[in-house]
Amino acid sequence: MADQPQFRSSVTNPVATPAGAPALTDESSLTKVSVRARVGASPLGVDFTRTDRRDGVLIAGIRPDEWLLLGAGAGVEALLAGTEFDGSVNRIDVTHSRLCLRLSGVCSASALEKVCSLDFDDTMFPDGATGSASVAKVSSDLIRDDQDGEPSYLILADRSFGQYLYDAIHDTTTEFSSAWPSS
Amino acid sequence: MIRRLEPRSGEVIDRATPLKFTWNSKKHIGYAGDTIVSALLANNESVFSRSMKYHRRRGVLTADYWDPNTMVQVGTEPNVRGAHRLLEADMLVSAQNAWPSLDFDVKAANGLFGRFLTAGFYYKTFIKPQRLWPAYEKVLARFAPGGVVDLNTPHGYHDKRYCHPDVVVAGGGPAGLAAAISAAQAGMNVMLVEHNHHLGGHLRWGTDEDRAVADELEATARMAGVEILTDSTVTGRYDDNWIAVSQRNHPGVVERLIKARAKILVVAPGLIERPYVFAGNDLPGVMLSGAARRLINMYAVRPGNRGVVLTANADGDAAVVDLERAGVEIAAVLDARAGETISKASGSSRHLNSVTLLDGSTVKADLLVTAVGWTAPTSLLNMAGDRPCYSPKAARFFSTALPDNVIATGGIVGDGRLDELIAHGASSGELAAERAAAVKHRLRSTVTRAQTPEGPEPPMPADHRDGLCKAPHPELYRSDTHGMVDFSEDVGSKDLLSAAAEGFDSVELLKRFTTATMGPSQGKLETVNTVAVLGEARGESIEEVGTTVWRPPYAPISLGALAGRVFEPVRVSSLHEWHTANNMKPILAGQWIRPDHYGDPAAEVTNVRTNVGIIDVTPLGKLDLRGPDVPRLLNLLYTNEWSKLPVGRVRYGMMCAEDGVVADDGVTGRLGEDHYLMTTTSSGAGQIWQWAEMWLQTEHPDWQVHVTPVTTGYTSINIAGPRSRDLLTRLVDDVDLSPVAFEYMNVRSGTIAGVADCFMWRIGFTGELSFEIHVPAGFGLHVWEQLIEKGADLGVGPFGLEAQRIMRLEKGHFIVGQDTDGLTKAPTTGLTPLIRLDKADFAGKPELEWSLGAGAPELPVLVAIRPTDPQLVPDEACQILRKGTAEIVGRITSSRFSPTLGRSVCLGQVTPEFAAAGTEITVRLCDGSDTTATVMQHHAHFDPEGVRLRG
Amino acid sequence: MLLVPCPHCGPRNSADMSYQGEASSRPDPSSTTPTEWREYLYMKHNPAGWLRENWYCSSGCRRFFTVERHTVTSEFREPPLPGSKTPRPTGDGADPARGAP
């Protein structure tokens, strides 16, 4: 039999975060399952544009008829197994179709607003909110998922854009590094 | 003469930091904080440019951003505003628009013939004969104004930023600062944008007390948390307060374009001083009061030795005081409020020598300062829909009506003492804060993700501000002589009068015909004078003539800033690194970077036909379809029948738009009871997804179907060739791949090289026995490497897009968009059996029904074509002609040399008359010669019975 | 840039949207005539005034919806309705679907 395969991210060339800049990390290997239902249904008890975290699994209402589950494979599986869905609900594993980047740090919203037109103000995009928009011209889903009291955003997009999107977002963070020239 | 004054309290120059620079290869020294022009003046230079048409020498006029006479070249950067750009060490500054030098300019000869160069001269003179235009153009291009563009200039680091401030304040003078402070103190997030390098507006070139007020306002604004952008411009206001800001002071960025969605825009641009029209008003030495005061009080530069001042207002009076303090001898002061004025200015072409008064007497002077009134820069108000109205009493335009989300304050609204201007600014900031809060409340209750606000939505607060008065001001536009109106475009009052006499007597026509207001000053200095002169010609008042509409941008913005960072998304498959490491010759297909070939596409074809090849087809569009109503959706999107596709089977289908034109094609397989996978062309993936959603959401919301794009969720690999089964068998244990168990056009799920949840189907574009496998993308590279490794003895090799294109053409498969076009209705592709008119409905059905019916217009038909000369490959798009005529009856849509057949093969579109098998056609080649070719019976040039692919 | 009121997301930049044109309903394909069908395909009313039009929230919630917009002022009438079949404008100017003439 062949070698044990290993998951490979589409971000093939991650680079180190410059000192002081928001940190950009690749979380593409997380298991991601899309749960689809009718518009207006609430198969997981989470509203559109909101999130919830259950047993380590993030549930995000990313579209009026779509919820995204993010977490370790076993956790996502357990959560799906423990939830009763009616026949109109479909579950599609999108682990391999969606890349997932995380941008964290006090200036992460300022960095993101260089490539995304959403309003990242705390009242307009609070922790636990989701939004979809173009990020550096790539259709993306954004989830605010603060960590250790600091703003943090998950950015999900089509896997094939991996390195491009990583580089584009990384470029937005560099002006917040301590090495950037000051006025 | 030493022009630099002793150190002064308000100066913005840093005498401890001298900067060396060169001007037209002459070495000079200025100070940090100097503008290019203030440093040059301090070095006794007083001529900075030649005028656009007549090449007259020009000196400083306004000494700020809008100065039309001080555009210079800095290194490789043309058209730099010398009275605004700050001096830098070792700057290479040179004059523009002068040849061979600023001092001796041959084009000044234009000035001698000035009376021939009236408005419309170029239009009228060079229009005929038209065939000579290229020759005229070459000569005229040398006369075009402006600096020199270096085509090798690097793009530089420009970027963009979106933001959503509560309040944007355009203008950092006293009223703007006060508005920003009160809005910020009311808890709003405020962005203040100031065009100049310093905050405080006119206070910066005022008295010590003025500057103290400016400093205090600035300190308070910073304390209040206002985001302050200096040397930045609000260049436009668009729908729903979408505000464009050009930011030139951001560290590390050449220029940044900020796209701000402001809840409220406060417009506080102040006023722009207006020149006076009289003979000699463009002589070096004639300047506006603001210029004189800026030069003295900010840059410690004495603008002249002996001056005449024409004053109509307090600023002119203040200029007299400032000039005296700077040691300028005041030869005469003329008070326009008492009816006094000047008639003309005279001198050599290099400098002013004397001023002639109305009574004909002359006063010797090398400096003439005028303070005759103001232009209200209402651009941003215009962009918000306002149509300002002229007040003859105050001699300027005022706003008439503004939307709720735009508030004006400061000099653009009215006049008053400094404390009144500040109070108006402060109350405008309060109003802005209240209105922004109302807008924010509405946004938070309508933007789904936002925190829901407390309480009911407050009503939009009404405007209860105390207004500013409109102080009387004499109307001074033109004296009794003719002079320059538009300094940038060299348009004089005489030109305007003669253009009006020619019939261009509406302000919009006059502007376009004479180009007045269309130069770099963009009307900031000359609009009102233009209107006033036109009023003279028409015998009407300024109110009656009306004014032009100011449109974005308020000030120029560089192309670099508009371009920003270059975001061109590219997509690659999981195998990209392997391709790169293995001699891939890439091709950009849409956003995808794909292997075109790996060195020798013909050899890749031969290897597929004899052994086995593998190709990365990941970009193939893939839509996961789930739900009980999928067959209904498929029946609607495809022209053929989908009701009874068994699980495990795959079918080809063609899609049409509602006009019957072929839109896409591909195969769809049934993976489970309610689970299908649809493939589309690579370029059609996004559109077909949206197309499917449109049908589901708008026409059939009751159908239960979920469409999920999974194009790159799978690494798709086509394994093609007579030994493909042998190869795949080595990697798959849980699926019986034998011809009996896994027939052509079937689909199976299984584990490939240890990777679970793969599926594979027996289809292909190449005409060979082939398996298209779809592997979860995170494991794609592993499977590809396994195929290469395990198939070494079978002769496996990668093949690229080019080899696939050759093989599909050998097989006669058409590509939607290449072999079809916007007139290709489904029947003409040769796939009429796939059109099932007995279905109740599908996209484009009515059109197809009519195009298959009697009397339908005959459209070109897709046929396979073989050139008579087997070695000749006609280029794609070559025309097909009726023999012996120039009548076009079709075209070659695809052509290649087939390594398999050892001859050229083509697909083409021909009119039905030529579509019968065996018809000989004439093909016109790109070099103009003709050749012959034959129409074939089958689309497939190779294996038309399909024996190989069913193997 | 216009803010378009998406019924699911709230107001969004028009650049996040894909304009789908005037709202009109698809004739029954089994009984339609060439004239009627081609009017549906190609003929637009393009009034200077209130217009029912379709948008697709392509960068956001990916839902189609119908709104009424004043083509002169670009004002939107609220509340917008989610995408659905809309009555076919008759073109006589008095169609309730397109507002008062």
# chains A, B, ... in the order shown; residues from 1 in each chain; ligands from 1
>>> interface_residues(of="chain A", to="chain C", cutoff="6 Å", atoms="only C-alpha atoms", output="PDB file with N, CA, C and O atoms, in the first residue's frame")
ATOM      1  N   ARG A  63     -23.998  32.253   5.789  1.00  0.00           N
ATOM      2  CA  ARG A  63     -24.969  32.700   4.801  1.00  0.00           C
ATOM      3  C   ARG A  63     -26.352  32.372   5.343  1.00  0.00           C
ATOM      4  O   ARG A  63     -26.469  31.565   6.268  1.00  0.00           O
ATOM      5  N   SER A 132     -19.182  38.214   4.737  1.00  0.00           N
ATOM      6  CA  SER A 132     -18.578  37.761   3.493  1.00  0.00           C
ATOM      7  C   SER A 132     -18.293  38.963   2.632  1.00  0.00           C
ATOM      8  O   SER A 132     -19.109  39.873   2.550  1.00  0.00           O
ATOM      9  N   ALA A 133     -17.125  38.978   2.028  1.00  0.00           N
ATOM     10  CA  ALA A 133     -16.744  40.125   1.208  1.00  0.00           C
ATOM     11  C   ALA A 133     -15.528  39.758   0.390  1.00  0.00           C
ATOM     12  O   ALA A 133     -14.918  38.706   0.590  1.00  0.00           O
ATOM     13  N   SER A 139     -13.281  36.418  -3.176  1.00  0.00           N
ATOM     14  CA  SER A 139     -14.482  36.248  -2.357  1.00  0.00           C
ATOM     15  C   SER A 139     -14.143  35.433  -1.118  1.00  0.00           C
ATOM     16  O   SER A 139     -13.664  34.310  -1.241  1.00  0.00           O
TER      17      SER A 139
END
>>> closest_atom_pairs(of="chain A", to="chain B", cutoff="6 Å", atoms="only C-alpha atoms", output="tab-separated table")
residue	atom	partner	partner_atom	distance
A:Ala2	CA	B:Ala753	CA	5.2
A:Phe7	CA	B:Gly778	CA	4.7
A:Arg8	CA	B:Gly778	CA	4.7
A:Thr49	CA	B:Arg449	CA	5.1
A:His96	CA	B:Gly713	CA	4.4
A:Ser97	CA	B:Gly713	CA	3.4
A:Glu113	CA	B:Tyr162	CA	5.3
A:Lys114	CA	B:Arg161	CA	4.1
A:Ser117	CA	B:Tyr162	CA	5.5
A:Thr123	CA	B:Gln451	CA	5.3
A:Met124	CA	B:Ala450	CA	4.1
A:Phe125	CA	B:Ala450	CA	5.5
A:Ala129	CA	B:Arg449	CA	5.6
A:Ser160	CA	B:Arg571	CA	4.8
A:Phe161	CA	B:Arg571	CA	4.9
A:Pro181	CA	B:Gly252	CA	5.8
A:Ser182	CA	B:Pro251	CA	5.5
A:Ser183	CA	B:Pro251	CA	4.9
>>> write_last_selection(atoms="N, CA, C and O atoms", output="PDB file, in the first residue's frame")
ATOM      1  N   ALA A   2       0.301   2.324  -0.448  1.00  0.00           N
ATOM      2  CA  ALA A   2       1.057   3.578  -0.563  1.00  0.00           C
ATOM      3  C   ALA A   2       1.404   4.133   0.818  1.00  0.00           C
ATOM      4  O   ALA A   2       0.878   3.699   1.825  1.00  0.00           O
ATOM      5  N   PHE A   7      -1.903  15.752   4.809  1.00  0.00           N
ATOM      6  CA  PHE A   7      -2.640  16.919   4.302  1.00  0.00           C
ATOM      7  C   PHE A   7      -1.670  18.041   3.980  1.00  0.00           C
ATOM      8  O   PHE A   7      -0.811  18.382   4.770  1.00  0.00           O
ATOM      9  N   ARG A   8      -1.832  18.614   2.797  1.00  0.00           N
ATOM     10  CA  ARG A   8      -0.977  19.753   2.424  1.00  0.00           C
ATOM     11  C   ARG A   8      -1.842  20.977   2.181  1.00  0.00           C
ATOM     12  O   ARG A   8      -2.823  20.926   1.447  1.00  0.00           O
ATOM     13  N   THR A  49     -24.743  35.418  10.372  1.00  0.00           N
ATOM     14  CA  THR A  49     -23.736  36.410  10.819  1.00  0.00           C
ATOM     15  C   THR A  49     -23.322  36.244  12.283  1.00  0.00           C
ATOM     16  O   THR A  49     -22.640  37.094  12.828  1.00  0.00           O
ATOM     17  N   HIS A  96     -11.243  20.499   2.133  1.00  0.00           N
ATOM     18  CA  HIS A  96     -10.266  20.618   1.050  1.00  0.00           C
ATOM     19  C   HIS A  96     -10.591  21.739   0.069  1.00  0.00           C
ATOM     20  O   HIS A  96      -9.760  22.081  -0.748  1.00  0.00           O
ATOM     21  N   SER A  97     -11.808  22.276   0.121  1.00  0.00           N
ATOM     22  CA  SER A  97     -12.130  23.350  -0.834  1.00  0.00           C
ATOM     23  C   SER A  97     -11.846  24.733  -0.289  1.00  0.00           C
ATOM     24  O   SER A  97     -11.798  25.689  -1.045  1.00  0.00           O
ATOM     25  N   GLU A 113      -8.566  46.310   6.631  1.00  0.00           N
ATOM     26  CA  GLU A 113      -9.316  47.343   5.899  1.00  0.00           C
ATOM     27  C   GLU A 113      -8.514  47.896   4.717  1.00  0.00           C
ATOM     28  O   GLU A 113      -9.042  48.698   3.944  1.00  0.00           O
ATOM     29  N   LYS A 114      -7.292  47.449   4.566  1.00  0.00           N
ATOM     30  CA  LYS A 114      -6.556  47.832   3.355  1.00  0.00           C
ATOM     31  C   LYS A 114      -6.949  46.957   2.169  1.00  0.00           C
ATOM     32  O   LYS A 114      -6.637  47.292   1.018  1.00  0.00           O
ATOM     33  N   SER A 117     -13.598  45.970   2.203  1.00  0.00           N
ATOM     34  CA  SER A 117     -14.396  47.177   2.403  1.00  0.00           C
ATOM     35  C   SER A 117     -15.392  47.069   3.559  1.00  0.00           C
ATOM     36  O   SER A 117     -16.156  47.995   3.781  1.00  0.00           O
ATOM     37  N   THR A 123     -18.483  47.773  17.050  1.00  0.00           N
ATOM     38  CA  THR A 123     -19.939  47.668  17.114  1.00  0.00           C
ATOM     39  C   THR A 123     -20.513  47.103  15.818  1.00  0.00           C
ATOM     40  O   THR A 123     -21.589  46.533  15.813  1.00  0.00           O
ATOM     41  N   MET A 124     -19.771  47.292  14.702  1.00  0.00           N
ATOM     42  CA  MET A 124     -20.287  46.852  13.412  1.00  0.00           C
ATOM     43  C   MET A 124     -19.862  45.422  13.087  1.00  0.00           C
ATOM     44  O   MET A 124     -20.509  44.734  12.302  1.00  0.00           O
ATOM     45  N   PHE A 125     -18.740  44.999  13.646  1.00  0.00           N
ATOM     46  CA  PHE A 125     -18.247  43.639  13.395  1.00  0.00           C
ATOM     47  C   PHE A 125     -17.694  43.107  14.715  1.00  0.00           C
ATOM     48  O   PHE A 125     -16.488  42.967  14.891  1.00  0.00           O
ATOM     49  N   ALA A 129     -18.981  37.691  15.224  1.00  0.00           N
ATOM     50  CA  ALA A 129     -19.773  38.003  14.034  1.00  0.00           C
ATOM     51  C   ALA A 129     -19.088  37.434  12.787  1.00  0.00           C
ATOM     52  O   ALA A 129     -17.898  37.126  12.817  1.00  0.00           O
ATOM     53  N   SER A 160      -7.635  27.374  -3.958  1.00  0.00           N
ATOM     54  CA  SER A 160      -6.650  27.627  -5.006  1.00  0.00           C
ATOM     55  C   SER A 160      -5.992  28.993  -4.887  1.00  0.00           C
ATOM     56  O   SER A 160      -4.959  29.243  -5.483  1.00  0.00           O
ATOM     57  N   PHE A 161      -6.588  29.910  -4.119  1.00  0.00           N
ATOM     58  CA  PHE A 161      -5.999  31.241  -3.968  1.00  0.00           C
ATOM     59  C   PHE A 161      -4.966  31.287  -2.846  1.00  0.00           C
ATOM     60  O   PHE A 161      -4.430  32.352  -2.538  1.00  0.00           O
ATOM     61  N   PRO A 181       9.140  52.389   8.227  1.00  0.00           N
ATOM     62  CA  PRO A 181       9.589  53.756   8.495  1.00  0.00           C
ATOM     63  C   PRO A 181       8.476  54.569   9.149  1.00  0.00           C
ATOM     64  O   PRO A 181       7.306  54.406   8.807  1.00  0.00           O
ATOM     65  N   SER A 182       8.843  55.437  10.102  1.00  0.00           N
ATOM     66  CA  SER A 182       7.820  56.297  10.701  1.00  0.00           C
ATOM     67  C   SER A 182       7.920  57.682  10.074  1.00  0.00           C
ATOM     68  O   SER A 182       8.894  57.998   9.412  1.00  0.00           O
ATOM     69  N   SER A 183       6.922  58.462  10.293  1.00  0.00           N
ATOM     70  CA  SER A 183       6.860  59.759   9.610  1.00  0.00           C
ATOM     71  C   SER A 183       7.960  60.699  10.092  1.00  0.00           C
ATOM     72  O   SER A 183       8.395  60.644  11.203  1.00  0.00           O
TER      73      SER A 183
END
>>> interface_residues(of="chain C", to="chain B", cutoff="10 Å", atoms="only C-alpha atoms", output="ChimeraX atom specification")
/C:1-13,20,25-26,28-34,37-38,40-42,54,56,58,62-66,73-75,82-86
>>> atom_distance(atom1="CA of Ser29 (chain A)", atom2="CA of Tyr164 (chain A)")
17.6 Å
>>> residues_around(residues="Val545 (chain B)", least_positions_apart="2", cutoff="8 Å", atoms="only C-alpha atoms", output="PyMOL selection string")
chain B and resi 506-507+531+534-535+540-543+547
